[in-house]
>>> print(open('protein36.cif').read())   # mmCIF, C-alpha atoms
data_protein
#
loop_
_atom_site.group_PDB
_atom_site.id
_atom_site.type_symbol
_atom_site.label_atom_id
_atom_site.label_comp_id
_atom_site.auth_asym_id
_atom_site.auth_seq_id
_atom_site.Cartn_x
_atom_site.Cartn_y
_atom_site.Cartn_z
ATOM 1 C CA ASP A 1 9.053 -13.003 -32.862
ATOM 2 C CA GLU A 2 10.065 -16.214 -31.057
ATOM 3 C CA LEU A 3 11.531 -14.152 -28.219
ATOM 4 C CA ASN A 4 8.188 -12.293 -27.932
ATOM 5 C CA LYS A 5 6.317 -15.599 -27.687
ATOM 6 C CA GLY A 6 8.498 -16.761 -24.797
ATOM 7 C CA CYS A 7 8.761 -13.483 -22.867
ATOM 8 C CA ASN A 8 5.536 -11.540 -23.258
ATOM 9 C CA LEU A 9 2.012 -12.535 -22.336
ATOM 10 C CA ARG A 10 0.680 -11.151 -25.616
ATOM 11 C CA GLY A 11 3.101 -13.420 -27.444
ATOM 12 C CA MET A 12 1.548 -16.455 -25.731
ATOM 13 C CA ILE A 13 -2.041 -15.598 -26.663
ATOM 14 C CA ALA A 14 -3.704 -16.156 -30.007
ATOM 15 C CA PHE A 15 -6.884 -14.160 -30.600
ATOM 16 C CA LYS A 16 -9.697 -15.678 -32.625
ATOM 17 C CA SER A 17 -12.829 -13.778 -33.514
ATOM 18 C CA ASP A 18 -15.783 -14.248 -35.802
ATOM 19 C CA ARG A 19 -16.514 -10.510 -35.694
ATOM 20 C CA GLU A 20 -15.861 -8.110 -38.535
ATOM 21 C CA PRO A 21 -12.836 -5.844 -37.967
ATOM 22 C CA VAL A 22 -13.625 -2.294 -36.872
ATOM 23 C CA ASP A 23 -13.197 0.252 -39.623
ATOM 24 C CA VAL A 24 -10.262 2.531 -38.799
ATOM 25 C CA GLU A 25 -12.358 5.573 -39.732
ATOM 26 C CA SER A 26 -14.784 4.797 -36.873
ATOM 27 C CA VAL A 27 -12.019 4.644 -34.215
ATOM 28 C CA GLU A 28 -11.619 7.719 -32.020
ATOM 29 C CA PRO A 29 -8.330 9.517 -32.757
ATOM 30 C CA ALA A 30 -5.533 9.170 -30.204
ATOM 31 C CA SER A 31 -5.481 12.983 -29.862
ATOM 32 C CA ASN A 32 -9.012 12.794 -28.379
ATOM 33 C CA ILE A 33 -8.352 9.751 -26.206
ATOM 34 C CA VAL A 34 -5.330 11.262 -24.414
ATOM 35 C CA LYS A 35 -7.450 14.202 -23.216
ATOM 36 C CA ARG A 36 -8.991 11.753 -20.726
ATOM 37 C CA PHE A 37 -5.595 10.652 -19.338
ATOM 38 C CA CYS A 38 -4.736 11.744 -15.778
ATOM 39 C CA THR A 39 -1.745 11.016 -13.597
ATOM 40 C CA GLY A 40 -2.175 9.646 -10.106
ATOM 41 C CA ALA A 41 -2.060 12.087 -7.221
ATOM 42 C CA MET A 42 1.612 12.222 -6.204
ATOM 43 C CA SER A 43 2.853 15.053 -4.027
ATOM 44 C CA TYR A 44 6.309 16.595 -3.774
ATOM 45 C CA GLY A 45 6.840 14.501 -0.671
ATOM 46 C CA SER A 46 6.463 11.243 -2.567
ATOM 47 C CA ILE A 47 8.389 12.154 -5.744
ATOM 48 C CA SER A 48 10.981 14.773 -6.605
ATOM 49 C CA LEU A 49 10.200 18.265 -7.864
ATOM 50 C CA GLU A 50 11.785 17.298 -11.190
ATOM 51 C CA ALA A 51 9.561 14.228 -11.569
ATOM 52 C CA HIS A 52 6.467 16.198 -10.529
ATOM 53 C CA SER A 53 7.227 18.965 -13.055
ATOM 54 C CA THR A 54 8.029 16.491 -15.821
ATOM 55 C CA LEU A 55 4.703 14.686 -15.354
ATOM 56 C CA ALA A 56 2.871 18.028 -15.536
ATOM 57 C CA ARG A 57 4.739 19.055 -18.699
ATOM 58 C CA ALA A 58 4.082 15.692 -20.365
ATOM 59 C CA MET A 59 0.376 15.663 -19.549
ATOM 60 C CA ASN A 60 -0.038 19.282 -20.663
ATOM 61 C CA ARG A 61 1.748 18.521 -23.918
ATOM 62 C CA ILE A 62 -0.611 15.658 -24.828
ATOM 63 C CA GLY A 63 -3.731 17.381 -23.498
ATOM 64 C CA GLY A 64 -4.114 15.192 -20.396
ATOM 65 C CA LYS A 65 -4.163 16.268 -16.740
ATOM 66 C CA SER A 66 -1.573 15.942 -14.002
ATOM 67 C CA ASN A 67 -2.545 15.857 -10.324
ATOM 68 C CA THR A 68 -0.685 17.806 -7.637
ATOM 69 C CA GLY A 69 -1.445 15.350 -4.873
ATOM 70 C CA GLU A 70 -1.926 16.815 -1.405
ATOM 71 C CA GLY A 71 1.537 18.394 -1.434
ATOM 72 C CA GLY A 72 0.404 21.554 -3.189
ATOM 73 C CA GLU A 73 2.195 23.207 -6.066
ATOM 74 C CA ASN A 74 4.953 25.788 -6.314
ATOM 75 C CA VAL A 75 3.382 29.196 -7.024
ATOM 76 C CA LYS A 76 5.856 29.720 -9.899
ATOM 77 C CA ARG A 77 4.107 26.878 -11.756
ATOM 78 C CA LEU A 78 0.795 28.769 -11.617
ATOM 79 C CA VAL A 79 2.074 31.933 -13.319
ATOM 80 C CA PRO A 80 0.736 32.119 -16.898
ATOM 81 C CA GLN A 81 3.031 32.446 -19.897
ATOM 82 C CA ALA A 82 3.591 35.879 -21.516
ATOM 83 C CA ASP A 83 0.935 35.068 -24.138
ATOM 84 C CA GLY A 84 -1.633 34.289 -21.398
ATOM 85 C CA SER A 85 -1.552 30.512 -21.823
ATOM 86 C CA ASN A 86 -1.133 28.188 -18.849
ATOM 87 C CA ASN A 87 2.331 27.485 -17.514
ATOM 88 C CA PRO A 88 3.489 24.152 -19.031
ATOM 89 C CA GLU A 89 4.324 22.900 -15.505
ATOM 90 C CA ARG A 90 0.874 23.717 -14.069
ATOM 91 C CA SER A 91 -1.083 20.721 -12.810
ATOM 92 C CA ALA A 92 -4.723 20.767 -13.910
ATOM 93 C CA ILE A 93 -5.981 18.745 -10.937
ATOM 94 C CA LYS A 94 -5.464 20.105 -7.427
ATOM 95 C CA GLN A 95 -5.962 17.843 -4.439
ATOM 96 C CA VAL A 96 -7.044 19.234 -1.067
ATOM 97 C CA ALA A 97 -6.469 17.398 2.210
ATOM 98 C CA SER A 98 -7.729 19.230 5.298
ATOM 99 C CA GLY A 99 -6.607 22.608 3.952
ATOM 100 C CA ARG A 100 -2.932 21.802 4.494
ATOM 101 C CA PHE A 101 0.219 21.968 2.418
ATOM 102 C CA GLY A 102 -0.110 25.371 0.822
ATOM 103 C CA VAL A 103 -3.780 25.221 -0.123
ATOM 104 C CA THR A 104 -4.765 28.822 -0.863
ATOM 105 C CA ALA A 105 -7.521 30.500 -2.859
ATOM 106 C CA TYR A 106 -4.938 31.263 -5.582
ATOM 107 C CA TYR A 107 -3.888 27.599 -5.716
ATOM 108 C CA LEU A 108 -7.493 26.408 -6.017
ATOM 109 C CA SER A 109 -8.464 29.047 -8.581
ATOM 110 C CA ASN A 110 -5.683 27.721 -10.810
ATOM 111 C CA SER A 111 -7.273 24.299 -11.200
ATOM 112 C CA ASP A 112 -9.431 22.662 -13.822
ATOM 113 C CA GLU A 113 -10.587 20.093 -11.281
ATOM 114 C CA ILE A 114 -10.449 19.914 -7.471
ATOM 115 C CA GLN A 115 -10.271 16.620 -5.577
ATOM 116 C CA ILE A 116 -11.210 16.782 -1.902
ATOM 117 C CA LYS A 117 -9.624 14.175 0.317
ATOM 118 C CA MET A 118 -12.182 13.457 3.037
ATOM 119 C CA ALA A 119 -10.023 11.453 5.474
ATOM 120 C CA GLN A 120 -6.326 10.788 5.855
ATOM 121 C CA GLY A 121 -5.384 7.611 4.048
ATOM 122 C CA ALA A 122 -8.462 7.790 1.847
ATOM 123 C CA LYS A 123 -8.593 8.287 -1.869
ATOM 124 C CA PRO A 124 -10.379 11.454 -3.079
ATOM 125 C CA GLY A 125 -14.123 11.082 -2.616
ATOM 126 C CA GLU A 126 -13.832 8.265 -0.051
ATOM 127 C CA GLY A 127 -13.908 8.310 3.736
#
>>> encode(input="protein36.cif", output="structure tokens")
Amino acid sequence: DELNKGCNLRGMIAFKSDREPVDVESVEPASNIVKRFCTGAMSYGSISLEAHSTLARAMNRIGGKSNTGEGGENVKRLVPQADGSNNPERSAIKQVASGRFGVTAYYLSNSDEIQIKMAQGAKPGEG
């Protein structure tokens, strides 16, 4: 505990409140909260295929969404499983930048959300 006080910001802060504690039963379950988690848009060019696939698998496992970035996505990751469920390496969010980097109708139809990059160097929705 002493090490925490000297090394971590939270160990240096003491919280005081005159409010009543929140009842645990009224707190939203973590399983619902993680459904709103999304990764940043990182393309194959910025991170490795292994890292990109691992982020997609992790987000799919917890119910969140991974983002392909403008680098597209390997078609193999779009192929559904034998039972019809989504491929565990499929990214839910597809980013489009000027119709480049493998953006096809098949790629876009395999998205839950599409982000359109309006200008190079801009974040989706800006520019």
>>> resolve_selection(input="protein36.cif", expression="the PyMOL selection byres ((chain A and resi 96) around 7)", output="number ranges by chain")
A: 70, 94-95, 97-99, 103, 115-117
>>> write_last_selection(input="protein36.cif", atoms="C-alpha atoms", output="PDB file, in the frame of the given file")
ATOM      1  CA  GLU A  70      -1.926  16.815  -1.405  1.00  0.00           C
ATOM      2  CA  LYS A  94      -5.464  20.105  -7.427  1.00  0.00           C
ATOM      3  CA  GLN A  95      -5.962  17.843  -4.439  1.00  0.00           C
ATOM      4  CA  ALA A  97      -6.469  17.398   2.210  1.00  0.00           C
ATOM      5  CA  SER A  98      -7.729  19.230   5.298  1.00  0.00           C
ATOM      6  CA  GLY A  99      -6.607  22.608   3.952  1.00  0.00           C
ATOM      7  CA  VAL A 103      -3.780  25.221  -0.123  1.00  0.00           C
ATOM      8  CA  GLN A 115     -10.271  16.620  -5.577  1.00  0.00           C
ATOM      9  CA  ILE A 116     -11.210  16.782  -1.902  1.00  0.00           C
ATOM     10  CA  LYS A 117      -9.624  14.175   0.317  1.00  0.00           C
TER      11      LYS A 117
END
>>> atom_distance(input="protein36.cif", atom1="atom CA of Thr54 of chain A", atom2="atom CA of Ser91 of chain A")
10.5 Å
>>> resolve_selection(input="protein36.cif", expression="the PyMOL selection byres ((chain A and resi 61) around 12)", output="list of chain:residue names")
A:Ser31, A:Val34, A:Lys35, A:Phe37, A:Thr54, A:Leu55, A:Ala56, A:Arg57, A:Ala58, A:Met59, A:Asn60, A:Ile62, A:Gly63, A:Gly64, A:Lys65, A:Ser66, A:Asn86, A:Asn87, A:Pro88, A:Glu89, A:Arg90, A:Ser91
>>> atom_distance(input="protein36.cif", atom1="atom CA of Thr68 of chain A", atom2="atom CA of Ala92 of chain A")
8.0 Å
>>> atom_distance(input="protein36.cif", atom1="atom CA of Ala30 of chain A", atom2="atom CA of Leu9 of chain A")
24.3 Å
>>> resolve_selection(input="protein36.cif", expression="the PyMOL selection byres ((chain A and resi 49) around 12)", output="PDB file with C-alpha atoms, keeping the file's coordinate frame")
ATOM      1  CA  MET A  42       1.612  12.222  -6.204  1.00  0.00           C
ATOM      2  CA  SER A  43       2.853  15.053  -4.027  1.00  0.00           C
ATOM      3  CA  TYR A  44       6.309  16.595  -3.774  1.00  0.00           C
ATOM      4  CA  GLY A  45       6.840  14.501  -0.671  1.00  0.00           C
ATOM      5  CA  SER A  46       6.463  11.243  -2.567  1.00  0.00           C
ATOM      6  CA  ILE A  47       8.389  12.154  -5.744  1.00  0.00           C
ATOM      7  CA  SER A  48      10.981  14.773  -6.605  1.00  0.00           C
ATOM      8  CA  GLU A  50      11.785  17.298 -11.190  1.00  0.00           C
ATOM      9  CA  ALA A  51       9.561  14.228 -11.569  1.00  0.00           C
ATOM     10  CA  HIS A  52       6.467  16.198 -10.529  1.00  0.00           C
ATOM     11  CA  SER A  53       7.227  18.965 -13.055  1.00  0.00           C
ATOM     12  CA  THR A  54       8.029  16.491 -15.821  1.00  0.00           C
ATOM     13  CA  LEU A  55       4.703  14.686 -15.354  1.00  0.00           C
ATOM     14  CA  ALA A  56       2.871  18.028 -15.536  1.00  0.00           C
ATOM     15  CA  THR A  68      -0.685  17.806  -7.637  1.00  0.00           C
ATOM     16  CA  GLY A  71       1.537  18.394  -1.434  1.00  0.00           C
ATOM     17  CA  GLY A  72       0.404  21.554  -3.189  1.00  0.00           C
ATOM     18  CA  GLU A  73       2.195  23.207  -6.066  1.00  0.00           C
ATOM     19  CA  ASN A  74       4.953  25.788  -6.314  1.00  0.00           C
ATOM     20  CA  ARG A  77       4.107  26.878 -11.756  1.00  0.00           C
ATOM     21  CA  GLU A  89       4.324  22.900 -15.505  1.00  0.00           C
TER      22      GLU A  89
END
>>> axis_aligned_box(input="protein36.cif", around="segment 109-117 of chain A", padding_each_side="3 Å", output="AutoDock Vina command-line options")
--center_x -8.4 --center_y 21.6 --center_z -6.8 --size_x 11.5 --size_y 20.9 --size_z 20.1
>>> decode(input="protein36.cif", residues="segment 14-85 of chain A", atoms="C-alpha atoms", output="PDB file, in the first residue's frame")
ATOM      1  CA  ALA A  14      -8.007  10.769  -0.863  1.00  0.00           C
ATOM      2  CA  PHE A  15     -11.663  10.994  -1.877  1.00  0.00           C
ATOM      3  CA  LYS A  16     -14.168  12.561   0.487  1.00  0.00           C
ATOM      4  CA  SER A  17     -17.866  12.672  -0.236  1.00  0.00           C
ATOM      5  CA  ASP A  18     -21.019  13.509   1.646  1.00  0.00           C
ATOM      6  CA  ARG A  19     -23.096  11.562  -0.886  1.00  0.00           C
ATOM      7  CA  GLU A  20     -24.688   8.202  -0.229  1.00  0.00           C
ATOM      8  CA  PRO A  21     -22.904   5.294  -1.953  1.00  0.00           C
ATOM      9  CA  VAL A  22     -24.553   3.999  -5.119  1.00  0.00           C
ATOM     10  CA  ASP A  23     -26.352   0.718  -4.639  1.00  0.00           C
ATOM     11  CA  VAL A  24     -24.543  -2.017  -6.570  1.00  0.00           C
ATOM     12  CA  GLU A  25     -27.876  -3.260  -7.937  1.00  0.00           C
ATOM     13  CA  SER A  26     -28.390   0.072  -9.754  1.00  0.00           C
ATOM     14  CA  VAL A  27     -24.988  -0.067 -11.526  1.00  0.00           C
ATOM     15  CA  GLU A  28     -25.025  -1.178 -15.159  1.00  0.00           C
ATOM     16  CA  PRO A  29     -23.362  -4.594 -15.571  1.00  0.00           C
ATOM     17  CA  ALA A  30     -19.897  -4.678 -17.137  1.00  0.00           C
ATOM     18  CA  SER A  31     -21.269  -7.003 -19.852  1.00  0.00           C
ATOM     19  CA  ASN A  32     -23.484  -4.115 -21.059  1.00  0.00           C
ATOM     20  CA  ILE A  33     -20.824  -1.426 -20.719  1.00  0.00           C
ATOM     21  CA  VAL A  34     -18.240  -3.226 -22.889  1.00  0.00           C
ATOM     22  CA  LYS A  35     -20.689  -3.313 -25.816  1.00  0.00           C
ATOM     23  CA  ARG A  36     -19.947   0.409 -26.224  1.00  0.00           C
ATOM     24  CA  PHE A  37     -16.156  -0.118 -26.382  1.00  0.00           C
ATOM     25  CA  CYS A  38     -14.457   0.482 -29.752  1.00  0.00           C
ATOM     26  CA  THR A  39     -10.829   0.345 -30.778  1.00  0.00           C
ATOM     27  CA  GLY A  40      -9.210   3.239 -32.581  1.00  0.00           C
ATOM     28  CA  ALA A  41      -8.943   3.050 -36.348  1.00  0.00           C
ATOM     29  CA  MET A  42      -5.580   1.379 -37.003  1.00  0.00           C
ATOM     30  CA  SER A  43      -4.835  -0.064 -40.418  1.00  0.00           C
ATOM     31  CA  TYR A  44      -2.532  -2.909 -41.410  1.00  0.00           C
ATOM     32  CA  GLY A  45       0.012  -0.290 -42.397  1.00  0.00           C
ATOM     33  CA  SER A  46       0.262   1.076 -38.873  1.00  0.00           C
ATOM     34  CA  ILE A  47       0.184  -2.217 -36.929  1.00  0.00           C
ATOM     35  CA  SER A  48       0.891  -5.828 -37.814  1.00  0.00           C
ATOM     36  CA  LEU A  49      -1.680  -8.277 -39.148  1.00  0.00           C
ATOM     37  CA  GLU A  50      -1.334 -10.235 -35.899  1.00  0.00           C
ATOM     38  CA  ALA A  51      -2.058  -7.169 -33.757  1.00  0.00           C
ATOM     39  CA  HIS A  52      -4.973  -6.151 -35.994  1.00  0.00           C
ATOM     40  CA  SER A  53      -6.500  -9.652 -35.808  1.00  0.00           C
ATOM     41  CA  THR A  54      -5.955  -9.904 -32.059  1.00  0.00           C
ATOM     42  CA  LEU A  55      -7.754  -6.601 -31.439  1.00  0.00           C
ATOM     43  CA  ALA A  56     -10.689  -7.809 -33.558  1.00  0.00           C
ATOM     44  CA  ARG A  57     -10.857 -11.137 -31.701  1.00  0.00           C
ATOM     45  CA  ALA A  58     -10.699  -9.426 -28.301  1.00  0.00           C
ATOM     46  CA  MET A  59     -13.392  -6.878 -29.113  1.00  0.00           C
ATOM     47  CA  ASN A  60     -15.655  -9.546 -30.619  1.00  0.00           C
ATOM     48  CA  ARG A  61     -15.200 -11.717 -27.546  1.00  0.00           C
ATOM     49  CA  ILE A  62     -16.334  -8.976 -25.140  1.00  0.00           C
ATOM     50  CA  GLY A  63     -19.052  -7.638 -27.440  1.00  0.00           C
ATOM     51  CA  GLY A  64     -17.220  -4.436 -28.416  1.00  0.00           C
ATOM     52  CA  LYS A  65     -16.219  -3.259 -31.901  1.00  0.00           C
ATOM     53  CA  SER A  66     -12.858  -3.146 -33.634  1.00  0.00           C
ATOM     54  CA  ASN A  67     -12.131  -0.680 -36.438  1.00  0.00           C
ATOM     55  CA  THR A  68     -10.314  -1.647 -39.638  1.00  0.00           C
ATOM     56  CA  GLY A  69      -8.819   1.772 -40.206  1.00  0.00           C
ATOM     57  CA  GLU A  70      -8.406   2.849 -43.822  1.00  0.00           C
ATOM     58  CA  GLY A  71      -6.225  -0.166 -44.623  1.00  0.00           C
ATOM     59  CA  GLY A  72      -9.149  -2.450 -45.385  1.00  0.00           C
ATOM     60  CA  GLU A  73      -9.520  -5.995 -44.155  1.00  0.00           C
ATOM     61  CA  ASN A  74      -8.413  -9.367 -45.474  1.00  0.00           C
ATOM     62  CA  VAL A  75     -11.374 -11.033 -47.216  1.00  0.00           C
ATOM     63  CA  LYS A  76     -10.725 -14.237 -45.222  1.00  0.00           C
ATOM     64  CA  ARG A  77     -11.751 -12.335 -42.074  1.00  0.00           C
ATOM     65  CA  LEU A  78     -15.176 -11.597 -43.584  1.00  0.00           C
ATOM     66  CA  VAL A  79     -16.107 -15.235 -44.254  1.00  0.00           C
ATOM     67  CA  PRO A  80     -18.726 -16.397 -41.719  1.00  0.00           C
ATOM     68  CA  GLN A  81     -18.193 -19.434 -39.513  1.00  0.00           C
ATOM     69  CA  ALA A  82     -19.788 -22.792 -40.459  1.00  0.00           C
ATOM     70  CA  ASP A  83     -22.694 -22.074 -38.087  1.00  0.00           C
ATOM     71  CA  GLY A  84     -23.371 -18.720 -39.819  1.00  0.00           C
ATOM     72  CA  SER A  85     -21.938 -16.535 -37.056  1.00  0.00           C
TER      73      SER A  85
END
